[in-house]
Amino acid sequence: MKKFVYDLILEAENICNLTEDRDRLLDIVSRGEKVVFSGRRNTGKTSLIKSVVIPRVKKSHPGMVVVFADFMGVANSEEIVGRMKKALELALTEKNPTKQFIQRLAAGLAYIRPVMGFDPVTGAPSVTLEMPAGRSNENVDAIFKEIGKIHKKHGALVVIDEFQDISFVGNAEALLRTGLQNLPAGLPIVLMGSKKHLLGRIFVPPDAPLAGWGRYVEISRISTQHYFEYIKERFKSNNLLIDYGGVEFLQKALQSIPESINIVCDKLLRSSGKGLHIKEQHIRHAIKNAVEERNSLYQERLSFFTGKEVVFLRALGFDEPVKQPSGNRFLSKIKMSTGSLGPLMKRLENQAVIYKTDEGYVVGDPLFGWFLRMSG
Ligand SMILES: Nc1ncnc2c1ncn2[C@@H]1O[C@H](COP(=O)(O)OP(=O)(O)OP(=O)(O)O)[C@@H](O)[C@H]1O
Ligand SMILES: [Mg+2]
């Protein structure tokens with residue numbers, strides 16, 4: 001059903017536009033190329049890949065093994081092995097394998113042993129992989145080598161979401177470089193992430209282990225026209241009206257972040273009288289209500305920050321976008337030295353709490369930004 005969905009991976013029908021990104025990714029995958037696909041948090045990267053790109057790839061290449069791993073929050077190389085292993089197990093299980101398939105697969109593999117089992121709940125066949133314990137470096141290599149072999153036989157696609165989180169694991173870049181370089185040419189790989197500054201550090205400096213790896217695609221910003229059509233269609237269920245200017249205001253107030261726009265539109269849809277023509281004042285009211293509804297969540301979020309971080313965030317919330325946080329004007333506002341500001345901002349940027357746009361630094365989650373202004 002067409003609605004304003006948030007907090008979830010979207011099904012294809014609820015994804016607003018992103019058709020150019022879809023086509024670019026499909027083209028890259030069909031050519032067997034490698035891509036870093038990045039974009040700010042909550043802009044639809046995972047939804048586009050999982051609900052549109054992967055299903056289409058599977059449809060056009062029915063035998064293909066699609067390995068989707070999520071590196072969100074990986075803390076050490078054992079966890080990287082764990083996530084890759086799970087992803088490959090799922091990819092093989094999705095093929096509804098027969099015993100013979102597993103036997104033939106096992107015969108072609110050297111480092112890991114596929115074992116056929118049954119899902120305890122559904123009874124459907126499932127595949128688990130056995131590999132030597134406690135040798136995480138060798139095991140990362142081994143998994144990539146085996147995926148390479150599977151690709152040669154069946155065709156494979158590797159997607160790794162939140163790839164930048166390897167930055168917090170010592171030696172992971174070198175480890176994954178070996179793995180990725182061992183994959184055969186022509187095997188498409190999509191590495192995704194939401195923290196541009198960390199992805200930049202992994203792929204850009206000439207001396208970085210993964211320097212110059214693959215192409216770089218940044219997810220597009222949804223145009224006002226596309227969001228206008230999307231909102232109008234969903235507002236119809238309560239006969240709400242909105243004009244182009246209203247959508248422009250929504251995008252500006254919420255930094256064009258689709259998830260925040262969906263939250264506020266859902267609020268408008270559920271709380272406005274039938275047939276209302278939505279104007280700027282209604283949008284402001286809905287933003288206020290949405291923030292108030294999340295008050296305890298945001299208060300709790302604040303409790304995880306240090307006193308100085310809270311002072312910085314409130315000041316940023318009021319002044320965003322801030323081009324030069326280390327400038328005298330902003331520093332005197334937060335009563336901090338450049339020496340302590342640098343590490344503080346790095347921490348917040350690494351957690352995606354703040355984000356650097358072309359216009360300057362902003363609070364990463366636009367509704368949290370409104371909360372900081374409303375409660376400061
Ligand atoms: N194109 C879109 N159309 C409508 N809603 C969208 C779109 N893109 C993102 N959203 C909203 O953002 C939410 C998060 O989407 P998704 O998880 O796919 O984004 P993401 O970019 O992978 O985020 P993260 O970086 O946090 O992983 C969705 O539940 C939805 O509310
Ligand atoms: Mg995501």
# chains A, B, ... in the order shown; residues from 1 in each chain; ligands from 1
call {"tool": "residues_near_ligand", "arguments": {"ligand": "ligand 2", "cutoff": "9 Å", "atoms": "only C-alpha atoms and all ligand atoms", "output": "ChimeraX atom specification"}}
result
/A:9,41-47,70,161-162,192-194
call {"tool": "write_last_selection", "arguments": {"atoms": "N, CA, C and O atoms", "output": "PDB file, in the first residue's frame"}}
result
ATOM      1  N   ILE A   9      13.047  -0.419   5.985  1.00  0.00           N
ATOM      2  CA  ILE A   9      13.485  -0.515   4.597  1.00  0.00           C
ATOM      3  C   ILE A   9      12.206  -0.462   3.761  1.00  0.00           C
ATOM      4  O   ILE A   9      11.246  -1.175   4.050  1.00  0.00           O
ATOM      5  N   ARG A  41      22.626   9.758   5.820  1.00  0.00           N
ATOM      6  CA  ARG A  41      21.722   8.801   6.467  1.00  0.00           C
ATOM      7  C   ARG A  41      20.276   9.040   6.029  1.00  0.00           C
ATOM      8  O   ARG A  41      19.860  10.171   5.783  1.00  0.00           O
ATOM      9  N   ASN A  42      19.532   7.955   5.955  1.00  0.00           N
ATOM     10  CA  ASN A  42      18.102   8.004   5.653  1.00  0.00           C
ATOM     11  C   ASN A  42      17.761   8.655   4.316  1.00  0.00           C
ATOM     12  O   ASN A  42      16.816   9.446   4.210  1.00  0.00           O
ATOM     13  N   THR A  43      18.561   8.347   3.321  1.00  0.00           N
ATOM     14  CA  THR A  43      18.260   8.866   1.985  1.00  0.00           C
ATOM     15  C   THR A  43      17.836   7.751   1.035  1.00  0.00           C
ATOM     16  O   THR A  43      17.679   7.990  -0.159  1.00  0.00           O
ATOM     17  N   GLY A  44      17.718   6.513   1.544  1.00  0.00           N
ATOM     18  CA  GLY A  44      17.142   5.442   0.727  1.00  0.00           C
ATOM     19  C   GLY A  44      18.121   4.476   0.087  1.00  0.00           C
ATOM     20  O   GLY A  44      17.722   3.674  -0.757  1.00  0.00           O
ATOM     21  N   LYS A  45      19.380   4.502   0.510  1.00  0.00           N
ATOM     22  CA  LYS A  45      20.382   3.628  -0.133  1.00  0.00           C
ATOM     23  C   LYS A  45      20.034   2.150   0.037  1.00  0.00           C
ATOM     24  O   LYS A  45      19.984   1.392  -0.929  1.00  0.00           O
ATOM     25  N   THR A  46      19.798   1.754   1.307  1.00  0.00           N
ATOM     26  CA  THR A  46      19.546   0.325   1.548  1.00  0.00           C
ATOM     27  C   THR A  46      18.238  -0.113   0.883  1.00  0.00           C
ATOM     28  O   THR A  46      18.171  -1.190   0.286  1.00  0.00           O
ATOM     29  N   SER A  47      17.222   0.753   0.954  1.00  0.00           N
ATOM     30  CA  SER A  47      15.938   0.398   0.333  1.00  0.00           C
ATOM     31  C   SER A  47      16.111   0.205  -1.173  1.00  0.00           C
ATOM     32  O   SER A  47      15.590  -0.759  -1.747  1.00  0.00           O
ATOM     33  N   ASP A  70      26.113  -6.696   6.054  1.00  0.00           N
ATOM     34  CA  ASP A  70      25.981  -5.386   6.693  1.00  0.00           C
ATOM     35  C   ASP A  70      27.089  -5.258   7.738  1.00  0.00           C
ATOM     36  O   ASP A  70      27.162  -6.062   8.656  1.00  0.00           O
ATOM     37  N   ASP A 161      26.943  -3.264   3.036  1.00  0.00           N
ATOM     38  CA  ASP A 161      26.342  -2.025   3.524  1.00  0.00           C
ATOM     39  C   ASP A 161      27.155  -1.509   4.716  1.00  0.00           C
ATOM     40  O   ASP A 161      27.767  -2.292   5.444  1.00  0.00           O
ATOM     41  N   GLU A 162      27.117  -0.218   4.935  1.00  0.00           N
ATOM     42  CA  GLU A 162      27.837   0.468   6.030  1.00  0.00           C
ATOM     43  C   GLU A 162      29.315   0.033   6.058  1.00  0.00           C
ATOM     44  O   GLU A 162      29.886  -0.237   7.118  1.00  0.00           O
ATOM     45  N   MET A 192      28.618   0.137   0.236  1.00  0.00           N
ATOM     46  CA  MET A 192      27.750   1.276   0.538  1.00  0.00           C
ATOM     47  C   MET A 192      28.107   1.908   1.868  1.00  0.00           C
ATOM     48  O   MET A 192      28.679   1.250   2.747  1.00  0.00           O
ATOM     49  N   GLY A 193      27.723   3.162   2.042  1.00  0.00           N
ATOM     50  CA  GLY A 193      27.979   3.791   3.326  1.00  0.00           C
ATOM     51  C   GLY A 193      27.308   5.128   3.461  1.00  0.00           C
ATOM     52  O   GLY A 193      26.892   5.730   2.473  1.00  0.00           O
ATOM     53  N   SER A 194      27.165   5.565   4.721  1.00  0.00           N
ATOM     54  CA  SER A 194      26.474   6.827   4.982  1.00  0.00           C
ATOM     55  C   SER A 194      27.413   7.889   5.539  1.00  0.00           C
ATOM     56  O   SER A 194      27.011   9.019   5.723  1.00  0.00           O
TER      57      SER A 194
END
call {"tool": "residues_near_ligand", "arguments": {"ligand": "ligand 1", "cutoff": "9 Å", "atoms": "only C-alpha atoms and all ligand atoms", "output": "number ranges by chain"}}
result
A: 4-10, 14-18, 38-50, 72, 161-162, 192-195, 219, 221-222, 227, 230, 257-263
call {"tool": "select_by_dssp", "arguments": {"residues": "segment 57-180 of chain A", "states": "strand (DSSP E)", "output": "list in words"}}
result
Val65, Val66, Val67, Phe68, Ala69, Asp70, Arg113, Pro114, Val115, Met116, Gly117, Phe118, Pro125, Ser126, Val127, Thr128, Leu129, Glu130, Ala156, Leu157, Val158, Val159, Ile160 and Asp161 of chain A
call {"tool": "write_last_selection", "arguments": {"atoms": "N, CA, C and O atoms", "output": "mmCIF file, in the first residue's frame"}}
result
data_model
loop_
_atom_site.group_PDB
_atom_site.id
_atom_site.type_symbol
_atom_site.label_atom_id
_atom_site.label_comp_id
_atom_site.auth_asym_id
_atom_site.auth_seq_id
_atom_site.Cartn_x
_atom_site.Cartn_y
_atom_site.Cartn_z
ATOM 1 N N VAL A 65 24.257 -15.778 -7.272
ATOM 2 C CA VAL A 65 24.342 -15.816 -5.806
ATOM 3 C C VAL A 65 24.600 -14.378 -5.325
ATOM 4 O O VAL A 65 25.629 -13.786 -5.651
ATOM 5 N N VAL A 66 23.633 -13.833 -4.583
ATOM 6 C CA VAL A 66 23.747 -12.435 -4.153
ATOM 7 C C VAL A 66 24.107 -12.380 -2.669
ATOM 8 O O VAL A 66 23.321 -12.766 -1.809
ATOM 9 N N VAL A 67 25.313 -11.922 -2.408
ATOM 10 C CA VAL A 67 25.807 -11.901 -1.023
ATOM 11 C C VAL A 67 25.638 -10.487 -0.488
ATOM 12 O O VAL A 67 26.295 -9.552 -0.956
ATOM 13 N N PHE A 68 24.741 -10.315 0.481
ATOM 14 C CA PHE A 68 24.508 -8.988 1.065
ATOM 15 C C PHE A 68 24.954 -8.996 2.520
ATOM 16 O O PHE A 68 24.362 -9.676 3.353
ATOM 17 N N ALA A 69 26.024 -8.254 2.820
ATOM 18 C CA ALA A 69 26.516 -8.207 4.208
ATOM 19 C C ALA A 69 26.345 -6.795 4.754
ATOM 20 O O ALA A 69 26.416 -5.823 4.002
ATOM 21 N N ASP A 70 26.113 -6.696 6.054
ATOM 22 C CA ASP A 70 25.981 -5.386 6.693
ATOM 23 C C ASP A 70 27.089 -5.258 7.738
ATOM 24 O O ASP A 70 27.162 -6.062 8.656
ATOM 25 N N ARG A 113 33.330 -25.421 4.373
ATOM 26 C CA ARG A 113 32.531 -26.590 4.025
ATOM 27 C C ARG A 113 31.049 -26.261 4.169
ATOM 28 O O ARG A 113 30.572 -25.959 5.284
ATOM 29 N N PRO A 114 30.312 -26.270 3.064
ATOM 30 C CA PRO A 114 28.867 -26.021 3.188
ATOM 31 C C PRO A 114 28.151 -27.260 3.715
ATOM 32 O O PRO A 114 28.447 -28.381 3.298
ATOM 33 N N VAL A 115 27.258 -27.032 4.663
ATOM 34 C CA VAL A 115 26.511 -28.149 5.245
ATOM 35 C C VAL A 115 25.031 -27.853 5.113
ATOM 36 O O VAL A 115 24.577 -26.751 5.417
ATOM 37 N N MET A 116 24.306 -28.853 4.656
ATOM 38 C CA MET A 116 22.868 -28.679 4.465
ATOM 39 C C MET A 116 22.153 -28.933 5.783
ATOM 40 O O MET A 116 22.435 -29.903 6.480
ATOM 41 N N GLY A 117 21.266 -28.039 6.148
ATOM 42 C CA GLY A 117 20.479 -28.259 7.355
ATOM 43 C C GLY A 117 19.044 -27.850 7.088
ATOM 44 O O GLY A 117 18.665 -27.655 5.939
ATOM 45 N N PHE A 118 18.255 -27.756 8.144
ATOM 46 C CA PHE A 118 16.869 -27.335 7.960
ATOM 47 C C PHE A 118 16.519 -26.249 8.962
ATOM 48 O O PHE A 118 16.928 -26.321 10.118
ATOM 49 N N PRO A 125 15.015 -25.941 3.680
ATOM 50 C CA PRO A 125 16.453 -26.223 3.684
ATOM 51 C C PRO A 125 17.271 -24.962 3.940
ATOM 52 O O PRO A 125 16.926 -23.892 3.468
ATOM 53 N N SER A 126 18.330 -25.118 4.715
ATOM 54 C CA SER A 126 19.202 -23.969 4.953
ATOM 55 C C SER A 126 20.654 -24.442 4.863
ATOM 56 O O SER A 126 20.950 -25.614 5.052
ATOM 57 N N VAL A 127 21.549 -23.498 4.566
ATOM 58 C CA VAL A 127 22.958 -23.859 4.408
ATOM 59 C C VAL A 127 23.767 -23.198 5.518
ATOM 60 O O VAL A 127 23.602 -22.007 5.791
ATOM 61 N N THR A 128 24.615 -23.955 6.176
ATOM 62 C CA THR A 128 25.576 -23.346 7.091
ATOM 63 C C THR A 128 26.976 -23.652 6.563
ATOM 64 O O THR A 128 27.180 -24.638 5.850
ATOM 65 N N LEU A 129 27.902 -22.770 6.916
ATOM 66 C CA LEU A 129 29.272 -22.938 6.426
ATOM 67 C C LEU A 129 30.185 -23.252 7.597
ATOM 68 O O LEU A 129 30.134 -22.564 8.628
ATOM 69 N N GLU A 130 30.989 -24.269 7.452
ATOM 70 C CA GLU A 130 31.945 -24.594 8.515
ATOM 71 C C GLU A 130 33.322 -24.127 8.093
ATOM 72 O O GLU A 130 33.746 -24.360 6.958
ATOM 73 N N ALA A 156 27.979 -14.121 -9.358
ATOM 74 C CA ALA A 156 27.736 -13.616 -8.002
ATOM 75 C C ALA A 156 27.735 -12.101 -8.005
ATOM 76 O O ALA A 156 28.267 -11.458 -8.911
ATOM 77 N N LEU A 157 27.078 -11.566 -6.979
ATOM 78 C CA LEU A 157 27.104 -10.119 -6.721
ATOM 79 C C LEU A 157 27.394 -9.961 -5.236
ATOM 80 O O LEU A 157 26.803 -10.669 -4.410
ATOM 81 N N VAL A 158 28.334 -9.067 -4.903
ATOM 82 C CA VAL A 158 28.638 -8.826 -3.489
ATOM 83 C C VAL A 158 28.239 -7.391 -3.144
ATOM 84 O O VAL A 158 28.633 -6.446 -3.831
ATOM 85 N N VAL A 159 27.409 -7.250 -2.100
ATOM 86 C CA VAL A 159 27.019 -5.921 -1.617
ATOM 87 C C VAL A 159 27.383 -5.843 -0.139
ATOM 88 O O VAL A 159 27.040 -6.747 0.631
ATOM 89 N N ILE A 160 28.107 -4.793 0.247
ATOM 90 C CA ILE A 160 28.409 -4.626 1.673
ATOM 91 C C ILE A 160 27.902 -3.252 2.110
ATOM 92 O O ILE A 160 28.338 -2.224 1.595
ATOM 93 N N ASP A 161 26.943 -3.264 3.036
ATOM 94 C CA ASP A 161 26.342 -2.025 3.524
ATOM 95 C C ASP A 161 27.155 -1.509 4.716
ATOM 96 O O ASP A 161 27.767 -2.292 5.444
#
call {"tool": "select_by_dssp", "arguments": {"residues": "segment 9-46 of chain A", "states": "alpha helix (DSSP H)", "output": "PDB file with C-alpha atoms, in the first residue's frame"}}
result
ATOM      1  CA  THR A  19      15.307   5.960 -10.851  1.00  0.00           C
ATOM      2  CA  GLU A  20      18.561   7.442 -12.152  1.00  0.00           C
ATOM      3  CA  ASP A  21      20.464   5.913  -9.233  1.00  0.00           C
ATOM      4  CA  ARG A  22      18.711   2.603  -9.881  1.00  0.00           C
ATOM      5  CA  ASP A  23      19.692   2.601 -13.545  1.00  0.00           C
ATOM      6  CA  ARG A  24      23.259   3.616 -12.816  1.00  0.00           C
ATOM      7  CA  LEU A  25      23.640   0.808 -10.261  1.00  0.00           C
ATOM      8  CA  LEU A  26      22.009  -1.775 -12.526  1.00  0.00           C
ATOM      9  CA  ASP A  27      24.322  -0.749 -15.329  1.00  0.00           C
ATOM     10  CA  ILE A  28      27.405  -1.039 -13.098  1.00  0.00           C
ATOM     11  CA  VAL A  29      26.298  -4.457 -11.829  1.00  0.00           C
ATOM     12  CA  SER A  30      25.544  -5.776 -15.310  1.00  0.00           C
ATOM     13  CA  LYS A  45      20.382   3.628  -0.133  1.00  0.00           C
ATOM     14  CA  THR A  46      19.546   0.325   1.548  1.00  0.00           C
TER      15      THR A  46
END
call {"tool": "residues_around", "arguments": {"residues": "Arg270 of chain A", "least_positions_apart": "3", "cutoff": "12 Å", "atoms": "only C-alpha atoms", "output": "ChimeraX atom specification"}}
result
/A:3-4,234-235,237-240,263-267,273-274,276,286,289-290
call {"tool": "write_last_selection", "arguments": {"atoms": "N, CA, C and O atoms", "output": "PDB file, in the first residue's frame"}}
result
ATOM      1  N   LYS A   3       2.031   4.480   1.259  1.00  0.00           N
ATOM      2  CA  LYS A   3       1.927   5.330   2.439  1.00  0.00           C
ATOM      3  C   LYS A   3       3.266   6.010   2.716  1.00  0.00           C
ATOM      4  O   LYS A   3       4.231   5.819   1.981  1.00  0.00           O
ATOM      5  N   PHE A   4       3.281   6.792   3.806  1.00  0.00           N
ATOM      6  CA  PHE A   4       4.538   7.407   4.232  1.00  0.00           C
ATOM      7  C   PHE A   4       5.175   6.479   5.250  1.00  0.00           C
ATOM      8  O   PHE A   4       4.695   6.364   6.382  1.00  0.00           O
ATOM      9  N   ARG A 234      -0.227  10.418  -1.912  1.00  0.00           N
ATOM     10  CA  ARG A 234      -0.522   9.843  -0.595  1.00  0.00           C
ATOM     11  C   ARG A 234      -1.509  10.696   0.204  1.00  0.00           C
ATOM     12  O   ARG A 234      -2.251  10.177   1.031  1.00  0.00           O
ATOM     13  N   PHE A 235      -1.510  12.000  -0.040  1.00  0.00           N
ATOM     14  CA  PHE A 235      -2.454  12.888   0.659  1.00  0.00           C
ATOM     15  C   PHE A 235      -3.896  12.653   0.191  1.00  0.00           C
ATOM     16  O   PHE A 235      -4.836  13.003   0.880  1.00  0.00           O
ATOM     17  N   SER A 237      -5.676  10.123   0.141  1.00  0.00           N
ATOM     18  CA  SER A 237      -6.500   9.253   0.984  1.00  0.00           C
ATOM     19  C   SER A 237      -7.295  10.065   2.010  1.00  0.00           C
ATOM     20  O   SER A 237      -8.273   9.582   2.557  1.00  0.00           O
ATOM     21  N   ASN A 238      -6.853  11.304   2.309  1.00  0.00           N
ATOM     22  CA  ASN A 238      -7.641  12.148   3.216  1.00  0.00           C
ATOM     23  C   ASN A 238      -8.001  13.475   2.536  1.00  0.00           C
ATOM     24  O   ASN A 238      -8.281  14.465   3.208  1.00  0.00           O
ATOM     25  N   ASN A 239      -7.965  13.437   1.203  1.00  0.00           N
ATOM     26  CA  ASN A 239      -8.286  14.631   0.397  1.00  0.00           C
ATOM     27  C   ASN A 239      -7.477  15.871   0.769  1.00  0.00           C
ATOM     28  O   ASN A 239      -7.963  16.994   0.636  1.00  0.00           O
ATOM     29  N   LEU A 240      -6.263  15.687   1.299  1.00  0.00           N
ATOM     30  CA  LEU A 240      -5.452  16.853   1.638  1.00  0.00           C
ATOM     31  C   LEU A 240      -4.847  17.434   0.376  1.00  0.00           C
ATOM     32  O   LEU A 240      -4.543  16.707  -0.565  1.00  0.00           O
ATOM     33  N   ILE A 263       8.036  11.334   8.011  1.00  0.00           N
ATOM     34  CA  ILE A 263       7.481  11.394   9.378  1.00  0.00           C
ATOM     35  C   ILE A 263       6.504  12.565   9.477  1.00  0.00           C
ATOM     36  O   ILE A 263       5.377  12.422   9.969  1.00  0.00           O
ATOM     37  N   VAL A 264       6.906  13.723   8.951  1.00  0.00           N
ATOM     38  CA  VAL A 264       6.065  14.914   9.072  1.00  0.00           C
ATOM     39  C   VAL A 264       4.824  14.779   8.173  1.00  0.00           C
ATOM     40  O   VAL A 264       3.710  15.136   8.577  1.00  0.00           O
ATOM     41  N   CYS A 265       4.986  14.214   6.980  1.00  0.00           N
ATOM     42  CA  CYS A 265       3.827  14.025   6.091  1.00  0.00           C
ATOM     43  C   CYS A 265       2.831  13.043   6.701  1.00  0.00           C
ATOM     44  O   CYS A 265       1.615  13.224   6.595  1.00  0.00           O
ATOM     45  N   ASP A 266       3.344  11.994   7.343  1.00  0.00           N
ATOM     46  CA  ASP A 266       2.447  11.025   7.976  1.00  0.00           C
ATOM     47  C   ASP A 266       1.657  11.701   9.099  1.00  0.00           C
ATOM     48  O   ASP A 266       0.465  11.468   9.267  1.00  0.00           O
ATOM     49  N   LYS A 267       2.353  12.566   9.835  1.00  0.00           N
ATOM     50  CA  LYS A 267       1.703  13.326  10.914  1.00  0.00           C
ATOM     51  C   LYS A 267       0.587  14.191  10.322  1.00  0.00           C
ATOM     52  O   LYS A 267      -0.533  14.234  10.843  1.00  0.00           O
ATOM     53  N   GLY A 273      -7.785  17.677   9.281  1.00  0.00           N
ATOM     54  CA  GLY A 273      -9.169  17.429   8.867  1.00  0.00           C
ATOM     55  C   GLY A 273      -9.228  17.179   7.373  1.00  0.00           C
ATOM     56  O   GLY A 273      -8.403  17.693   6.620  1.00  0.00           O
ATOM     57  N   LYS A 274     -10.234  16.392   6.971  1.00  0.00           N
ATOM     58  CA  LYS A 274     -10.400  16.047   5.550  1.00  0.00           C
ATOM     59  C   LYS A 274     -10.439  17.308   4.685  1.00  0.00           C
ATOM     60  O   LYS A 274     -11.052  18.294   5.063  1.00  0.00           O
ATOM     61  N   LEU A 276      -8.201  19.544   3.975  1.00  0.00           N
ATOM     62  CA  LEU A 276      -7.413  20.732   4.343  1.00  0.00           C
ATOM     63  C   LEU A 276      -6.359  21.059   3.276  1.00  0.00           C
ATOM     64  O   LEU A 276      -5.735  20.157   2.719  1.00  0.00           O
ATOM     65  N   ALA A 286       3.050  20.464  12.411  1.00  0.00           N
ATOM     66  CA  ALA A 286       3.305  19.016  12.340  1.00  0.00           C
ATOM     67  C   ALA A 286       4.737  18.702  12.765  1.00  0.00           C
ATOM     68  O   ALA A 286       4.993  17.684  13.439  1.00  0.00           O
ATOM     69  N   ASN A 289       4.775  18.857  16.516  1.00  0.00           N
ATOM     70  CA  ASN A 289       4.146  17.660  17.099  1.00  0.00           C
ATOM     71  C   ASN A 289       5.029  16.426  16.968  1.00  0.00           C
ATOM     72  O   ASN A 289       5.124  15.623  17.896  1.00  0.00           O
ATOM     73  N   ALA A 290       5.640  16.279  15.794  1.00  0.00           N
ATOM     74  CA  ALA A 290       6.500  15.103  15.580  1.00  0.00           C
ATOM     75  C   ALA A 290       7.673  15.131  16.556  1.00  0.00           C
ATOM     76  O   ALA A 290       8.073  14.091  17.100  1.00  0.00           O
TER      77      ALA A 290
END
call {"tool": "closest_atom_pairs", "arguments": {"of": "segment 4-91 of chain A", "to": "segment 183-186 of chain A", "cutoff": "9 Å", "atoms": "only C-alpha atoms", "output": "CSV"}}
result
residue,atom,partner,partner_atom,distance
A:Arg31,CA,A:Gly186,CA,7.1
A:Gly32,CA,A:Gly186,CA,4.2
A:Glu33,CA,A:Gly186,CA,6.3
A:Lys34,CA,A:Gly186,CA,8.8
call {"tool": "atom_distance", "arguments": {"atom1": "atom CA of Thr357 of chain A", "atom2": "atom CA of Glu280 of chain A"}}
result
24.8 Å
call {"tool": "closest_residue", "arguments": {"among": "A:Ile278, A:Asn171, A:Gly212, A:Gly179", "to": "Ala142 of chain A", "atoms": "only C-alpha atoms"}}
result
A:Gly179
call {"tool": "closest_atom_pairs", "arguments": {"of": "segment 258-313 of chain A", "to": "segment 370-375 of chain A", "cutoff": "9 Å", "atoms": "only C-alpha atoms", "output": "JSON lines"}}
result
{"residue": "A:Ile287", "atom": "CA", "partner": "A:Trp370", "partner_atom": "CA", "distance": 8.0}
{"residue": "A:Lys288", "atom": "CA", "partner": "A:Trp370", "partner_atom": "CA", "distance": 8.0}
{"residue": "A:Val291", "atom": "CA", "partner": "A:Phe371", "partner_atom": "CA", "distance": 5.9}
{"residue": "A:Glu292", "atom": "CA", "partner": "A:Phe371", "partner_atom": "CA", "distance": 7.9}
{"residue": "A:Arg294", "atom": "CA", "partner": "A:Phe371", "partner_atom": "CA", "distance": 8.7}
{"residue": "A:Asn295", "atom": "CA", "partner": "A:Phe371", "partner_atom": "CA", "distance": 7.6}
{"residue": "A:Tyr298", "atom": "CA", "partner": "A:Phe371", "partner_atom": "CA", "distance": 7.4}
{"residue": "A:Leu313", "atom": "CA", "partner": "A:Leu372", "partner_atom": "CA", "distance": 7.4}
call {"tool": "write_last_selection", "arguments": {"atoms": "C-alpha atoms", "output": "compact mmCIF listing (two decimals), in the first residue's frame"}}
result
# COMPACT_ATOMS: atom_id res chain seq x y z
CA ILE A 287 7.08 19.34 12.81
CA LYS A 288 6.49 20.58 16.37
CA VAL A 291 9.36 16.43 17.73
CA GLU A 292 7.21 16.48 20.87
CA ARG A 294 9.88 11.96 20.14
CA ASN A 295 10.78 14.08 23.16
CA TYR A 298 15.67 12.69 22.06
CA LEU A 313 25.03 20.47 19.43
call {"tool": "residues_around", "arguments": {"residues": "Glu309 of chain A", "least_positions_apart": "4", "cutoff": "12 Å", "atoms": "only C-alpha atoms", "output": "JSON list (two decimals) with C-alpha atoms, in the first residue's frame"}}
result
[["chain", "number", "residue", "atom", "x", "y", "z"],
["A", 301, "ARG", "CA", 19.83, 10.49, 23.10],
["A", 302, "LEU", "CA", 21.14, 13.68, 24.74],
["A", 303, "SER", "CA", 22.04, 11.76, 27.90],
["A", 304, "PHE", "CA", 24.65, 9.80, 25.93],
["A", 305, "PHE", "CA", 26.59, 12.96, 25.06],
["A", 313, "LEU", "CA", 25.03, 20.47, 19.43],
["A", 314, "ARG", "CA", 22.62, 23.09, 20.74],
["A", 315, "ALA", "CA", 24.71, 25.90, 19.28],
["A", 316, "LEU", "CA", 24.97, 24.03, 15.98],
["A", 317, "GLY", "CA", 21.21, 23.41, 15.99],
["A", 334, "ILE", "CA", 30.32, 27.53, 22.84],
["A", 335, "LYS", "CA", 33.23, 28.69, 25.04],
["A", 336, "MET", "CA", 35.60, 26.08, 23.68],
["A", 340, "SER", "CA", 39.08, 20.54, 22.21],
["A", 341, "LEU", "CA", 36.62, 21.27, 19.39],
["A", 342, "GLY", "CA", 38.49, 19.17, 16.80],
["A", 343, "PRO", "CA", 38.25, 15.79, 18.59],
["A", 344, "LEU", "CA", 34.70, 16.54, 19.75],
["A", 345, "MET", "CA", 33.52, 17.16, 16.18],
["A", 346, "LYS", "CA", 35.37, 14.11, 14.91],
["A", 347, "ARG", "CA", 33.54, 11.92, 17.45],
["A", 348, "LEU", "CA", 30.17, 13.35, 16.50],
["A", 349, "GLU", "CA", 30.87, 13.09, 12.78],
["A", 353, "VAL", "CA", 25.33, 12.90, 14.69],
["A", 354, "ILE", "CA", 26.65, 15.85, 12.69]]
call {"tool": "residues_around", "arguments": {"residues": "Gly170 of chain A", "least_positions_apart": "4", "cutoff": "9 Å", "atoms": "only C-alpha atoms", "output": "ChimeraX atom specification"}}
result
/A:76-77,166
call {"tool": "residues_around", "arguments": {"residues": "Met84 of chain A", "least_positions_apart": "3", "cutoff": "8 Å", "atoms": "only C-alpha atoms", "output": "PyMOL selection string"}}
result
chain A and resi 69+80-81+87-88+140+143
call {"tool": "write_last_selection", "arguments": {"atoms": "N, CA, C and O atoms", "output": "short mmCIF file (atom, residue, chain, number, x, y, z; two decimals), in the first residue's frame"}}
result
data_model
loop_
_atom_site.label_atom_id
_atom_site.label_comp_id
_atom_site.auth_asym_id
_atom_site.auth_seq_id
_atom_site.Cartn_x
_atom_site.Cartn_y
_atom_site.Cartn_z
N ALA A 69 26.02 -8.25 2.82
CA ALA A 69 26.52 -8.21 4.21
C ALA A 69 26.35 -6.80 4.75
O ALA A 69 26.42 -5.82 4.00
N ILE A 80 33.80 -9.20 11.32
CA ILE A 80 33.75 -9.06 9.84
C ILE A 80 33.57 -10.45 9.22
O ILE A 80 32.74 -10.65 8.33
N VAL A 81 34.33 -11.43 9.73
CA VAL A 81 34.18 -12.80 9.22
C VAL A 81 32.76 -13.28 9.46
O VAL A 81 32.10 -13.85 8.57
N ALA A 87 26.23 -13.76 5.56
CA ALA A 87 25.71 -13.27 4.29
C ALA A 87 25.80 -14.35 3.21
O ALA A 87 24.87 -14.55 2.43
N LEU A 88 26.92 -15.08 3.20
CA LEU A 88 27.07 -16.13 2.19
C LEU A 88 26.12 -17.30 2.49
O LEU A 88 25.53 -17.88 1.56
N VAL A 140 38.76 -14.29 6.42
CA VAL A 140 38.24 -13.23 5.54
C VAL A 140 38.69 -13.54 4.11
O VAL A 140 37.88 -13.57 3.19
N ILE A 143 36.78 -16.59 2.65
CA ILE A 143 35.40 -16.35 2.21
C ILE A 143 35.40 -15.65 0.85
O ILE A 143 34.67 -16.03 -0.07
#
